[in-house]
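Contents: one structure, followed by commentary.
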Amino acid sequence: MNLKVKIGNLELKNPVLVASGTFGYGIESADFLDLNQLGGIITKSLSLKPRKGNPPKRIAETPAGMLNAIGLANIGVEKFIEEKLPLLTKLNTKIIVNIAASSVEEYVECVRILDKEEIDAFEINVSCPNVKEGGLEFGRSLSKVGEITGKVVASTNKPVIIKLTPNVTFISEFAKVAKEEGATAVSAINTFVGMAVNVFTRKPKLSHITGGLSGPAIRPLALAKVFEIVQNVDIPVIGIGGITNSEDALEFLITGAKAVQIGTHNFVDPSAPIKIIKGIEDYLRNFNFKDVNEVIGSLQLS
């Protein structure tokens, strides 16, 4: 049975990845699952210099989901190369580094530095809702998404995946720009902007006031965004949003996503990605498929 999928020249042993920001730098979860079984690890977002992120409180639980306003806290590219990457490169899985930045130049510089290292691809975060500079400011601008994509693609020969925000009217327009500027794929979606209020203090629950809503609550919304892209733009899509089990993952694959990322549910069950891989295998076996690619894009609309 074949579980391999290709995203441009990036071949994954199976279509299950772990989403940036929900799995640390990857190696922190080694006690909970065999990392080598994953299709790939997408690291926590990296910026050129270390970032402290937003002050607490940065996380709030919501019905069927979570609000976060971490603010892209990370150790910076230099420390990542020194401390994290040597351990990651020992793994038998693909390493995809997520990049976040406050300027076009910072995106390019991060990629230029990391391009020399043993990593397999870049995911470019143009969609974080929890920072004042960059993030949604870029992700809601077609011209900025195009400029960032074009300049990043020109600075590396490795696959470039653009992570899109759902906080726009038509996400497919942004996928189209990413494709035109040479992106290998898009990942969809990042979080929705949300808010929660403490009725006893009458203050927002997050110090940042608003945050990114993730978890099962957004899965139908995410699936609709993936469907919109698949129907309108010929570019590989990696589906993200509220996936908790193999049936959820299969919804995205059947709709046309080439792969999926497990995000918030990693906090509930760090071993979930392995269970989801096994569940996809069981589904293929039970329905007499020999190749997961037979399932991808098999959605029946009539």
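Labeling convention for the structure tokens: chains A, B, ... as they appear, residues from 1 per chain, ligands from 1 in order of appearance.
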Any chance you could tabulate, as CSV, the residues of region 41-110 of chain A at most 9 Å from region 256-267 of chain A with each one's nearest atom pair and distance in Å to one decimal, using only C-alpha atoms, in chain and rising number order?
residue,atom,partner,partner_atom,distance
A:Ile42,CA,A:Gln261,CA,8.7
A:Gly65,CA,A:Thr264,CA,7.8
A:Met66,CA,A:Thr264,CA,7.6
Note to self: Write out as a PyMOL selection string the set of residues from region 47-292 of chain A that DSSP, computed on the backbone, places in strand (DSSP E or B).
What the structure shows: chain A and resi 51+59-62+65-68+74+94-99+121-125+160-163+185-188+192-195+197-198+203-204+210-214+237-240+259-262+291
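For the choices A:Thr255, A:Ile189, A:Leu299, A:Asp291, the atom-to-atom distance to Gly242 (chain A) is smallest for A:Ile189 when using only C-alpha atoms.
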Margin query: Excluding Leu72 (chain A) and its own-chain neighbours fewer than 6 positions away, which residues fall within 9 Å of it when counting only C-alpha atoms? Please give them as JSON, numbers by chain.
Written below: {"A": [21, 44, 45, 46, 47, 51, 52, 53, 54, 100, 128, 130, 131]}
Save the residues we just selected, N, CA, C and O atoms, as a compact mmCIF listing (two decimals), in the first residue's frame?
# COMPACT_ATOMS: atom_id res chain seq x y z
N GLY A 21 3.98 25.63 15.27
CA GLY A 21 3.45 26.27 16.46
C GLY A 21 2.71 25.32 17.39
O GLY A 21 2.30 25.73 18.48
N LYS A 44 8.24 25.25 14.59
CA LYS A 44 7.73 26.52 15.10
C LYS A 44 8.28 27.66 14.23
O LYS A 44 9.39 27.56 13.72
N SER A 45 7.51 28.70 14.07
CA SER A 45 7.96 29.82 13.24
C SER A 45 9.29 30.36 13.73
O SER A 45 9.50 30.53 14.94
N LEU A 46 10.17 30.66 12.78
CA LEU A 46 11.46 31.27 13.10
C LEU A 46 11.54 32.65 12.50
O LEU A 46 11.13 32.87 11.35
N SER A 47 12.08 33.58 13.24
CA SER A 47 12.39 34.90 12.72
C SER A 47 13.91 35.08 12.74
O SER A 47 14.63 34.27 13.32
N ARG A 51 12.47 36.23 19.36
CA ARG A 51 11.32 37.06 19.71
C ARG A 51 10.73 36.55 21.02
O ARG A 51 10.60 35.35 21.22
N LYS A 52 10.36 37.47 21.89
CA LYS A 52 9.74 37.09 23.17
C LYS A 52 8.25 36.79 23.01
O LYS A 52 7.66 36.11 23.85
N GLY A 53 7.65 37.30 21.96
CA GLY A 53 6.23 37.12 21.78
C GLY A 53 5.43 38.08 22.63
O GLY A 53 5.97 39.03 23.22
N ASN A 54 4.12 37.84 22.70
CA ASN A 54 3.24 38.72 23.48
C ASN A 54 3.28 38.36 24.96
O ASN A 54 3.58 37.22 25.33
N ALA A 100 8.69 33.31 9.77
CA ALA A 100 7.84 34.49 9.99
C ALA A 100 8.75 35.72 10.02
O ALA A 100 9.91 35.62 10.45
N CYS A 128 0.05 35.21 10.32
CA CYS A 128 -0.16 35.18 11.76
C CYS A 128 -1.02 36.37 12.19
O CYS A 128 -0.69 37.52 11.89
N ASN A 130 -1.44 37.51 15.19
CA ASN A 130 -1.10 37.93 16.55
C ASN A 130 0.15 38.80 16.66
O ASN A 130 0.76 38.88 17.72
N VAL A 131 0.55 39.45 15.59
CA VAL A 131 1.70 40.34 15.63
C VAL A 131 1.33 41.68 15.00
O VAL A 131 0.46 41.75 14.13
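For the choices A:Ser302, A:Ser187, A:Asn286, A:Asn68, the atom-to-atom distance to Gly239 (chain A) is smallest for A:Ser187 when using only C-alpha atoms.
Restricting the calculation to only C-alpha atoms, the smallest distance between Val197 (chain A) and any of A:Thr184, A:Thr62, A:Asn9, A:Leu114 is found for A:Thr62.
Taking CA of Lys179 (chain A) as the reference point, CA of Gly24 (chain A) is found at 28.6 Å.
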Notebook entry, point to check: Skipping near chain neighbours, those fewer than 4 positions away, what residues fall within 8 Å of Gly40 (chain A) using only C-alpha atoms, listed as a ChimeraX atom specification?
Noted result: /A:12,16-18,93-96
Filtering to N, CA, C and O atoms, could you give me those residues as a tab-separated table (two decimals), in the first residue's frame?
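What follows is the written file part-v4.tsv:
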chain	number	residue	atom	x	y	z
A	12	LEU	N	6.79	13.02	0.46
A	12	LEU	CA	6.52	12.67	1.85
A	12	LEU	C	6.20	11.19	1.94
A	12	LEU	O	5.48	10.66	1.08
A	16	VAL	N	0.78	12.97	6.35
A	16	VAL	CA	0.48	13.56	7.66
A	16	VAL	C	1.69	14.31	8.21
A	16	VAL	O	2.74	13.73	8.50
A	17	LEU	N	1.50	15.62	8.37
A	17	LEU	CA	2.52	16.51	8.92
A	17	LEU	C	2.03	17.08	10.24
A	17	LEU	O	0.84	17.01	10.54
A	18	VAL	N	2.94	17.64	11.01
A	18	VAL	CA	2.52	18.35	12.23
A	18	VAL	C	2.69	19.85	11.99
A	18	VAL	O	3.66	20.30	11.39
A	93	THR	N	12.60	11.81	8.51
A	93	THR	CA	11.37	12.44	8.05
A	93	THR	C	11.74	13.79	7.46
A	93	THR	O	12.86	14.26	7.63
A	94	LYS	N	10.80	14.39	6.76
A	94	LYS	CA	11.11	15.68	6.13
A	94	LYS	C	11.04	16.81	7.16
A	94	LYS	O	10.13	16.83	8.01
A	95	ILE	N	11.97	17.72	7.06
A	95	ILE	CA	12.02	18.87	7.95
A	95	ILE	C	11.67	20.12	7.15
A	95	ILE	O	12.39	20.49	6.22
A	96	ILE	N	10.57	20.73	7.52
A	96	ILE	CA	10.10	21.94	6.84
A	96	ILE	C	10.15	23.08	7.86
A	96	ILE	O	9.55	22.99	8.92
Note to self: Set the distance at 7 Å and use only C-alpha atoms: which residues neighbour Lys163 (chain A) once local chain neighbours fewer than 3 positions away are removed? I'd like the list as a count of residues only.
What the structure shows: 10
Note to self: For Phe80 (chain A), find every residue with an atom within 12 Å (counting only C-alpha atoms), except residues of its own chain fewer than 5 positions away, and show them as a VMD selection string.
What the structure shows: chain A and resid 24 to 27 43 to 50 74 to 75 85 to 88 97 to 99 110 113 to 114 117 119
Written selection (N, CA, C and O atoms) as an mmCIF file, in the first residue's frame:
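Writing done, so here's out.cif:
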data_model
loop_
_atom_site.group_PDB
_atom_site.id
_atom_site.type_symbol
_atom_site.label_atom_id
_atom_site.label_comp_id
_atom_site.auth_asym_id
_atom_site.auth_seq_id
_atom_site.Cartn_x
_atom_site.Cartn_y
_atom_site.Cartn_z
ATOM 1 N N GLY A 24 6.358 22.478 18.858
ATOM 2 C CA GLY A 24 7.671 23.009 19.213
ATOM 3 C C GLY A 24 8.593 23.007 17.996
ATOM 4 O O GLY A 24 8.168 23.303 16.879
ATOM 5 N N TYR A 25 9.847 22.664 18.254
ATOM 6 C CA TYR A 25 10.796 22.534 17.148
ATOM 7 C C TYR A 25 10.880 21.082 16.679
ATOM 8 O O TYR A 25 11.782 20.720 15.931
ATOM 9 N N GLY A 26 9.951 20.243 17.162
ATOM 10 C CA GLY A 26 9.867 18.852 16.712
ATOM 11 C C GLY A 26 10.366 17.867 17.740
ATOM 12 O O GLY A 26 9.636 16.978 18.169
ATOM 13 N N ILE A 27 11.594 18.041 18.175
ATOM 14 C CA ILE A 27 12.228 17.038 19.025
ATOM 15 C C ILE A 27 11.633 16.998 20.436
ATOM 16 O O ILE A 27 11.787 15.996 21.146
ATOM 17 N N THR A 43 8.413 23.125 11.675
ATOM 18 C CA THR A 43 8.907 23.702 12.923
ATOM 19 C C THR A 43 8.082 24.913 13.349
ATOM 20 O O THR A 43 7.361 25.509 12.553
ATOM 21 N N LYS A 44 8.243 25.246 14.592
ATOM 22 C CA LYS A 44 7.728 26.523 15.104
ATOM 23 C C LYS A 44 8.276 27.655 14.234
ATOM 24 O O LYS A 44 9.391 27.562 13.722
ATOM 25 N N SER A 45 7.507 28.703 14.066
ATOM 26 C CA SER A 45 7.962 29.818 13.235
ATOM 27 C C SER A 45 9.292 30.364 13.730
ATOM 28 O O SER A 45 9.500 30.533 14.935
ATOM 29 N N LEU A 46 10.167 30.658 12.784
ATOM 30 C CA LEU A 46 11.459 31.265 13.105
ATOM 31 C C LEU A 46 11.539 32.653 12.497
ATOM 32 O O LEU A 46 11.133 32.867 11.347
ATOM 33 N N SER A 47 12.084 33.581 13.244
ATOM 34 C CA SER A 47 12.393 34.905 12.721
ATOM 35 C C SER A 47 13.906 35.084 12.741
ATOM 36 O O SER A 47 14.631 34.267 13.324
ATOM 37 N N LEU A 48 14.372 36.147 12.118
ATOM 38 C CA LEU A 48 15.818 36.337 12.012
ATOM 39 C C LEU A 48 16.462 36.457 13.400
ATOM 40 O O LEU A 48 17.478 35.826 13.684
ATOM 41 N N LYS A 49 15.860 37.217 14.258
ATOM 42 C CA LYS A 49 16.335 37.385 15.638
ATOM 43 C C LYS A 49 15.320 36.753 16.595
ATOM 44 O O LYS A 49 14.142 36.631 16.263
ATOM 45 N N PRO A 50 15.749 36.384 17.809
ATOM 46 C CA PRO A 50 14.789 35.817 18.781
ATOM 47 C C PRO A 50 13.657 36.797 19.074
ATOM 48 O O PRO A 50 13.853 38.013 19.048
ATOM 49 N N ASN A 74 10.068 32.876 19.539
ATOM 50 C CA ASN A 74 10.972 31.835 19.031
ATOM 51 C C ASN A 74 12.415 32.201 19.327
ATOM 52 O O ASN A 74 12.719 33.326 19.736
ATOM 53 N N ILE A 75 13.321 31.245 19.104
ATOM 54 C CA ILE A 75 14.715 31.403 19.498
ATOM 55 C C ILE A 75 15.577 32.054 18.416
ATOM 56 O O ILE A 75 16.761 32.314 18.647
ATOM 57 N N LEU A 85 18.556 22.085 14.959
ATOM 58 C CA LEU A 85 18.686 21.424 13.663
ATOM 59 C C LEU A 85 19.563 20.168 13.697
ATOM 60 O O LEU A 85 19.223 19.178 13.027
ATOM 61 N N PRO A 86 20.667 20.141 14.457
ATOM 62 C CA PRO A 86 21.473 18.909 14.480
ATOM 63 C C PRO A 86 20.678 17.689 14.930
ATOM 64 O O PRO A 86 20.921 16.580 14.444
ATOM 65 N N LEU A 87 19.732 17.875 15.839
ATOM 66 C CA LEU A 87 18.895 16.757 16.284
ATOM 67 C C LEU A 87 17.828 16.412 15.250
ATOM 68 O O LEU A 87 17.536 15.240 14.997
ATOM 69 N N LEU A 88 17.268 17.429 14.631
ATOM 70 C CA LEU A 88 16.231 17.188 13.625
ATOM 71 C C LEU A 88 16.771 16.448 12.412
ATOM 72 O O LEU A 88 16.096 15.590 11.839
ATOM 73 N N VAL A 97 10.901 24.110 7.537
ATOM 74 C CA VAL A 97 11.087 25.217 8.472
ATOM 75 C C VAL A 97 10.093 26.328 8.145
ATOM 76 O O VAL A 97 10.026 26.797 7.006
ATOM 77 N N ASN A 98 9.334 26.710 9.160
ATOM 78 C CA ASN A 98 8.362 27.793 9.007
ATOM 79 C C ASN A 98 9.055 29.115 9.317
ATOM 80 O O ASN A 98 9.730 29.250 10.340
ATOM 81 N N ILE A 99 8.887 30.078 8.416
ATOM 82 C CA ILE A 99 9.533 31.385 8.570
ATOM 83 C C ILE A 99 8.484 32.469 8.774
ATOM 84 O O ILE A 99 7.505 32.547 8.027
ATOM 85 N N CYS A 110 16.235 35.179 6.210
ATOM 86 C CA CYS A 110 16.053 33.901 6.927
ATOM 87 C C CYS A 110 16.230 32.719 5.974
ATOM 88 O O CYS A 110 16.925 31.744 6.286
ATOM 89 N N ILE A 113 19.889 32.221 4.818
ATOM 90 C CA ILE A 113 20.748 31.590 5.834
ATOM 91 C C ILE A 113 20.434 30.102 5.956
ATOM 92 O O ILE A 113 21.328 29.255 5.967
ATOM 93 N N LEU A 114 19.156 29.765 6.007
ATOM 94 C CA LEU A 114 18.758 28.370 6.221
ATOM 95 C C LEU A 114 18.901 27.515 4.972
ATOM 96 O O LEU A 114 18.946 26.280 5.060
ATOM 97 N N GLU A 117 21.428 24.798 4.930
ATOM 98 C CA GLU A 117 21.325 23.735 5.928
ATOM 99 C C GLU A 117 20.543 22.536 5.391
ATOM 100 O O GLU A 117 19.905 22.604 4.348
ATOM 101 N N ILE A 119 17.707 21.056 5.408
ATOM 102 C CA ILE A 119 16.260 21.083 5.566
ATOM 103 C C ILE A 119 15.641 20.822 4.201
ATOM 104 O O ILE A 119 16.296 20.970 3.172
#
